[in-house]
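A.B. asks: One structure, as structure tokens, below. Some questions next.
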Amino acid sequence: MLKFLIPKEEKYFQYFNEMIANVVTMAELTKKLFSELPYNAEVIHQIKSLEKRCDEISSRVIKKLNKTFITPFDREDILTLTKRIEGVSNALKSLAVRLEIVNLDVALDSAIKLTEIIHLQVTELQAAISKLKERDEVENHCKVVKDLESEADVIHQETLKKIFATTNDAVMLIKKRDILDMLEKTIDRNQLVANLILIIFIKNS
């Protein structure tokens with residue numbers, strides 16, 4: 001009975017909003033990164049810095065979970081949502097680092113379109129997370145993320161076919177394929193976040 005008299009710790013929503021705001025900025029920078037040649041080292045550095053911030057917020061969530069008695073929803077869901085948002089952040093950083101390592105010096109087919117999809121997805125995730133506390137209109141935002149993921153699948157497959165048909169340099173082929181695959185995996189990670197948000201929404205409605 002006592003636990004129902006203790007107010008729930010609401011700071012988790014602030015942490016979620018801070019994390020996804022960083023991810024949105026990372027997605028904006030990723031769009032910028034793929035829109036200009038040569039790839040901008042300063043933009044890559046900014047993406048790395050934002051990923052560190054997400055890691056720091058994730059650590060704060062874990063520490064707070066160890067101290068909080070009453071949480072706004074299941075502790076496991078809080079932890080999983082934190083880790084999935086962090087996973088998108090890690091994917092965007094890994095993408096920037098891979099560009100830096102392989103030193104891709106040519107424009108990549110469909111990369112700009114895929115980075116635009118990533119940015120649209122995380123913007124929808126941000127909207128869903130901002131409304132999770134009030135449990136309002138969350139489903140619509142999650143559906144958009146799924147629709148964008150389906151669109152990206154088609155773009156990814158068609159672009160891979162084109163690259164394999166037109167790229168004669170084996171090293172360049174591997175570079176392009178790896179970057180495209182990382183873009184697609186980032187989009188898939190966004191879908192995982194949306195799936196979990198929807199589960200949390202349904203469980204707590």
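Residue names in the structure tokens use chain letters A, B, ... in the order shown, residue numbers from 1 in each chain, and ligand numbers from 1 in the order shown.
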Show which residues sit within 12 Å of stretch 55-57 of chain A, as a PyMOL selection string. Count only C-alpha atoms, and ignore same-chain residues fewer than 5 positions away.
C.D. replies: chain A and resi 11-23+48-50+62-64+79+82-90+93
A.B. asks: Give me a file of those residues, with C-alpha atoms, as an mmCIF file, in the first residue's frame.
C.D. replies:
```cif
data_model
loop_
_atom_site.group_PDB
_atom_site.id
_atom_site.type_symbol
_atom_site.label_atom_id
_atom_site.label_comp_id
_atom_site.auth_asym_id
_atom_site.auth_seq_id
_atom_site.Cartn_x
_atom_site.Cartn_y
_atom_site.Cartn_z
ATOM 1 C CA LYS A 11 12.948 12.443 -14.342
ATOM 2 C CA TYR A 12 13.216 9.471 -16.701
ATOM 3 C CA PHE A 13 11.096 11.315 -19.250
ATOM 4 C CA GLN A 14 13.573 14.199 -19.121
ATOM 5 C CA TYR A 15 16.422 11.777 -19.759
ATOM 6 C CA PHE A 16 14.605 10.186 -22.705
ATOM 7 C CA ASN A 17 13.924 13.613 -24.205
ATOM 8 C CA GLU A 18 17.549 14.687 -23.755
ATOM 9 C CA MET A 19 18.852 11.515 -25.374
ATOM 10 C CA ILE A 20 16.571 11.647 -28.386
ATOM 11 C CA ALA A 21 17.288 15.373 -28.860
ATOM 12 C CA ASN A 22 20.981 14.511 -29.137
ATOM 13 C CA VAL A 23 20.152 11.750 -31.614
ATOM 14 C CA LYS A 48 31.284 11.543 -31.749
ATOM 15 C CA SER A 49 30.817 14.170 -29.021
ATOM 16 C CA LEU A 50 27.037 13.845 -29.102
ATOM 17 C CA ILE A 62 20.996 3.174 -14.778
ATOM 18 C CA LYS A 63 22.171 4.873 -11.571
ATOM 19 C CA LYS A 64 18.719 6.319 -10.968
ATOM 20 C CA LEU A 79 16.290 0.275 -19.267
ATOM 21 C CA THR A 82 17.370 3.808 -22.853
ATOM 22 C CA LYS A 83 19.583 1.196 -24.450
ATOM 23 C CA ARG A 84 17.690 1.261 -27.749
ATOM 24 C CA ILE A 85 17.970 5.041 -28.048
ATOM 25 C CA GLU A 86 21.633 4.680 -27.159
ATOM 26 C CA GLY A 87 21.853 2.034 -29.886
ATOM 27 C CA VAL A 88 20.738 4.545 -32.522
ATOM 28 C CA SER A 89 23.322 6.995 -31.212
ATOM 29 C CA ASN A 90 26.030 4.321 -31.398
ATOM 30 C CA LYS A 93 28.656 7.357 -34.530
#
```
A.B. asks: One decimal, in Å: what's the spacing between atom CA of A:Lys161 and atom CA of A:Lys32?
C.D. replies: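 Here the two named atoms are 25.3 Å from each other.
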A.B. asks: Give me, as a list of chain:residue names, all polymer residues having an atom no more than 9 Å from stretch 144-154 of chain A, counting only C-alpha atoms and skipping those fewer than 3 positions away in the same chain.
C.D. replies: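 Everything that qualifies: A:Lys113, A:Leu114, A:Ile117, A:Ile118, A:Leu120, A:Gln121, A:Val122, A:Glu124, A:Leu125, A:Glu139, A:Asn140, A:His141, A:Gln157, A:Glu158, A:Thr159, A:Glu184, A:Ile187, A:Asp188, A:Asn190, A:Gln191, A:Ala194, A:Asn195.
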A.B. asks: Would you put the residues from that selection into a file with N, CA and C atoms, as an mmCIF file, in the first residue's frame?
C.D. replies:
```cif
data_model
loop_
_atom_site.group_PDB
_atom_site.id
_atom_site.type_symbol
_atom_site.label_atom_id
_atom_site.label_comp_id
_atom_site.auth_asym_id
_atom_site.auth_seq_id
_atom_site.Cartn_x
_atom_site.Cartn_y
_atom_site.Cartn_z
ATOM 1 N N LYS A 113 19.334 10.274 -49.477
ATOM 2 C CA LYS A 113 17.939 9.893 -49.252
ATOM 3 C C LYS A 113 17.806 9.063 -47.977
ATOM 4 N N LEU A 114 18.718 8.139 -47.752
ATOM 5 C CA LEU A 114 18.647 7.299 -46.559
ATOM 6 C C LEU A 114 18.916 8.101 -45.286
ATOM 7 N N ILE A 117 15.803 9.849 -44.431
ATOM 8 C CA ILE A 117 14.856 8.934 -43.785
ATOM 9 C C ILE A 117 15.215 8.757 -42.313
ATOM 10 N N ILE A 118 16.492 8.599 -42.028
ATOM 11 C CA ILE A 118 16.939 8.478 -40.635
ATOM 12 C C ILE A 118 16.518 9.702 -39.834
ATOM 13 N N LEU A 120 14.088 11.837 -40.505
ATOM 14 C CA LEU A 120 12.635 11.841 -40.349
ATOM 15 C C LEU A 120 12.201 10.856 -39.263
ATOM 16 N N GLN A 121 12.817 9.689 -39.243
ATOM 17 C CA GLN A 121 12.473 8.687 -38.233
ATOM 18 C C GLN A 121 12.739 9.193 -36.815
ATOM 19 N N VAL A 122 13.930 9.713 -36.586
ATOM 20 C CA VAL A 122 14.266 10.127 -35.218
ATOM 21 C C VAL A 122 13.442 11.337 -34.795
ATOM 22 N N GLU A 124 10.295 11.670 -35.633
ATOM 23 C CA GLU A 124 9.048 11.030 -35.204
ATOM 24 C C GLU A 124 9.215 10.357 -33.844
ATOM 25 N N LEU A 125 10.367 9.754 -33.613
ATOM 26 C CA LEU A 125 10.638 9.151 -32.303
ATOM 27 C C LEU A 125 10.659 10.216 -31.213
ATOM 28 N N GLU A 139 0.938 6.309 -31.107
ATOM 29 C CA GLU A 139 0.810 5.282 -32.145
ATOM 30 C C GLU A 139 1.081 5.838 -33.544
ATOM 31 N N ASN A 140 0.569 7.027 -33.832
ATOM 32 C CA ASN A 140 0.739 7.608 -35.170
ATOM 33 C C ASN A 140 2.210 7.839 -35.498
ATOM 34 N N HIS A 141 2.962 8.344 -34.539
ATOM 35 C CA HIS A 141 4.382 8.598 -34.765
ATOM 36 C C HIS A 141 5.143 7.290 -34.993
ATOM 37 N N GLN A 157 17.819 -1.986 -51.233
ATOM 38 C CA GLN A 157 17.941 -3.125 -52.147
ATOM 39 C C GLN A 157 18.225 -2.678 -53.578
ATOM 40 N N GLU A 158 17.502 -1.664 -54.030
ATOM 41 C CA GLU A 158 17.697 -1.191 -55.405
ATOM 42 C C GLU A 158 19.074 -0.564 -55.588
ATOM 43 N N THR A 159 19.539 0.135 -54.565
ATOM 44 C CA THR A 159 20.860 0.766 -54.652
ATOM 45 C C THR A 159 21.967 -0.274 -54.662
ATOM 46 N N GLU A 184 21.275 1.262 -43.455
ATOM 47 C CA GLU A 184 20.054 0.470 -43.319
ATOM 48 C C GLU A 184 19.889 -0.064 -41.897
ATOM 49 N N ILE A 187 18.517 2.580 -39.654
ATOM 50 C CA ILE A 187 17.071 2.704 -39.881
ATOM 51 C C ILE A 187 16.324 1.589 -39.151
ATOM 52 N N ASP A 188 16.865 0.382 -39.175
ATOM 53 C CA ASP A 188 16.255 -0.746 -38.452
ATOM 54 C C ASP A 188 16.264 -0.502 -36.943
ATOM 55 N N ASN A 190 16.061 2.360 -35.476
ATOM 56 C CA ASN A 190 14.974 3.308 -35.203
ATOM 57 C C ASN A 190 13.636 2.587 -35.101
ATOM 58 N N GLN A 191 13.456 1.588 -35.956
ATOM 59 C CA GLN A 191 12.223 0.811 -35.906
ATOM 60 C C GLN A 191 12.105 0.051 -34.586
ATOM 61 N N ALA A 194 10.842 2.423 -32.018
ATOM 62 C CA ALA A 194 9.405 2.662 -32.213
ATOM 63 C C ALA A 194 8.574 1.480 -31.711
ATOM 64 N N ASN A 195 9.037 0.260 -31.981
ATOM 65 C CA ASN A 195 8.321 -0.929 -31.515
ATOM 66 C C ASN A 195 8.182 -0.933 -30.002
#
```
A.B. asks: When distances are computed from only C-alpha atoms, which of A:Val24, A:Ile202, A:Ile174, A:Leu180 shows the smallest separation from A:Asp136?
C.D. replies: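 Closest to A:Asp136 of all the choices is A:Ile202.
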A.B. asks: List the spatial neighbours of A:Asn103 as a short mmCIF file (atom, residue, chain, number, x, y, z; two decimals) with N, CA and C atoms, in the first residue's frame - criterion: any atom at most 10 Å away, only C-alpha atoms, same-chain residues fewer than 5 positions off excluded.
C.D. replies:
```cif
data_model
loop_
_atom_site.label_atom_id
_atom_site.label_comp_id
_atom_site.auth_asym_id
_atom_site.auth_seq_id
_atom_site.Cartn_x
_atom_site.Cartn_y
_atom_site.Cartn_z
N PRO A 38 35.00 16.73 -49.83
CA PRO A 38 35.25 15.52 -49.05
C PRO A 38 34.47 15.54 -47.74
N TYR A 39 34.33 14.39 -47.12
CA TYR A 39 33.59 14.30 -45.87
C TYR A 39 34.26 15.14 -44.80
N VAL A 97 32.39 7.10 -38.07
CA VAL A 97 33.74 6.55 -37.91
C VAL A 97 34.13 5.71 -39.11
N ARG A 98 33.18 4.92 -39.64
CA ARG A 98 33.48 4.09 -40.80
C ARG A 98 33.82 4.96 -42.02
N LYS A 175 33.48 -0.78 -49.89
CA LYS A 175 33.27 0.46 -49.14
C LYS A 175 31.82 0.92 -49.24
#
```
A.B. asks: Go through A:Thr167, A:Thr80, A:Gln46, A:Ser130 and flag the residue nearest A:Met26, using only C-alpha atoms for the distances.
C.D. replies: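 Going through A:Thr167, A:Thr80, A:Gln46, A:Ser130 one by one, the smallest distance to A:Met26 is for A:Gln46.
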A.B. asks: Need to verify the contact set: A:Met172, 12 Å, only C-alpha atoms, exclusion of same-chain residues closer than 3 positions in sequence. Can you return it as a short mmCIF file (atom, residue, chain, number, x, y, z; two decimals) with N, CA and C atoms, in the first residue's frame?
C.D. replies:
```cif
data_model
loop_
_atom_site.label_atom_id
_atom_site.label_comp_id
_atom_site.auth_asym_id
_atom_site.auth_seq_id
_atom_site.Cartn_x
_atom_site.Cartn_y
_atom_site.Cartn_z
N VAL A 102 37.38 4.41 -43.94
CA VAL A 102 37.51 3.95 -45.33
C VAL A 102 37.85 5.10 -46.28
N ASN A 103 37.67 6.34 -45.79
CA ASN A 103 38.02 7.52 -46.59
C ASN A 103 37.34 7.48 -47.96
N LEU A 104 36.04 7.26 -47.93
CA LEU A 104 35.27 7.23 -49.17
C LEU A 104 35.28 8.62 -49.79
N ASP A 105 35.79 8.71 -51.00
CA ASP A 105 35.99 10.03 -51.62
C ASP A 105 35.07 10.29 -52.80
N VAL A 106 34.00 9.49 -52.89
CA VAL A 106 33.01 9.68 -53.96
C VAL A 106 31.62 9.72 -53.34
N ALA A 107 30.69 10.35 -54.05
CA ALA A 107 29.30 10.39 -53.58
C ALA A 107 28.72 8.98 -53.61
N LEU A 108 27.91 8.66 -52.64
CA LEU A 108 27.32 7.33 -52.53
C LEU A 108 25.85 7.38 -52.92
N ILE A 163 24.81 -0.76 -57.52
CA ILE A 163 26.25 -0.71 -57.21
C ILE A 163 26.95 -1.98 -57.69
N PHE A 164 26.36 -3.13 -57.46
CA PHE A 164 26.98 -4.38 -57.89
C PHE A 164 27.03 -4.47 -59.42
N THR A 166 27.36 -1.83 -61.51
CA THR A 166 28.12 -0.75 -62.16
C THR A 166 29.50 -0.48 -61.57
N THR A 167 29.82 -1.06 -60.42
CA THR A 167 31.11 -0.79 -59.78
C THR A 167 32.08 -1.91 -60.09
N ASN A 168 33.16 -1.58 -60.79
CA ASN A 168 34.16 -2.59 -61.18
C ASN A 168 35.29 -2.73 -60.17
N ASP A 169 35.53 -1.68 -59.41
CA ASP A 169 36.59 -1.68 -58.41
C ASP A 169 36.10 -2.42 -57.17
N LYS A 175 33.48 -0.78 -49.89
CA LYS A 175 33.27 0.46 -49.14
C LYS A 175 31.82 0.92 -49.24
N LYS A 176 31.32 0.96 -50.47
CA LYS A 176 29.95 1.44 -50.69
C LYS A 176 28.93 0.51 -50.04
N ARG A 177 29.13 -0.79 -50.21
CA ARG A 177 28.19 -1.75 -49.63
C ARG A 177 28.16 -1.63 -48.11
N ASP A 178 29.31 -1.51 -47.49
CA ASP A 178 29.38 -1.44 -46.02
C ASP A 178 28.67 -0.19 -45.50
N ILE A 179 28.89 0.94 -46.15
CA ILE A 179 28.25 2.17 -45.71
C ILE A 179 26.74 2.08 -45.89
#
```
A.B. asks: What lies within 8 Å of A:Val138 using only C-alpha atoms, ignoring chain neighbours under 3 positions off, as a PyMOL selection string?
C.D. replies: chain A and resi 127-129+131-132+135+141-142+197-198+201
A.B. asks: Take the selection from the previous step and output its residues with C-alpha atoms, as a short mmCIF file (atom, residue, chain, number, x, y, z; two decimals), in the first residue's frame.
C.D. replies:
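again_32.cif was written with the following content:
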```cif
data_model
loop_
_atom_site.label_atom_id
_atom_site.label_comp_id
_atom_site.auth_asym_id
_atom_site.auth_seq_id
_atom_site.Cartn_x
_atom_site.Cartn_y
_atom_site.Cartn_z
CA ALA A 127 7.61 13.38 -30.98
CA ALA A 128 6.48 9.97 -29.68
CA ILE A 129 8.78 10.15 -26.65
CA LYS A 131 4.08 12.45 -25.68
CA LEU A 132 4.77 9.18 -23.89
CA ARG A 135 0.15 8.82 -23.64
CA HIS A 141 4.38 8.60 -34.77
CA CYS A 142 5.46 4.96 -34.41
CA ILE A 197 7.60 2.79 -27.46
CA LEU A 198 4.40 1.26 -28.85
CA PHE A 201 2.22 2.82 -24.68
#
```
A.B. asks: Smallest atom-to-atom distance to A:Leu99: which of A:Arg75, A:His45, A:Lys52, A:Lys203, using only C-alpha atoms?
C.D. replies: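 Using only C-alpha atoms, the shortest distance to A:Leu99 belongs to A:His45.
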A.B. asks: Name the closest residue to A:Ala111 among the candidates A:Arg60, A:Lys143, A:Lys67, A:Lys31; distances are taken between atoms, counting only C-alpha atoms.
C.D. replies: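 Comparing A:Arg60, A:Lys143, A:Lys67, A:Lys31 against A:Ala111, the winner is A:Lys31.
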A.B. asks: Give me, as a ChimeraX atom specification, the residues of stretch 43-130 of chain A that a backbone DSSP run labels helix (DSSP H, G or I).
C.D. replies: /A:43-65,75-102,111-130
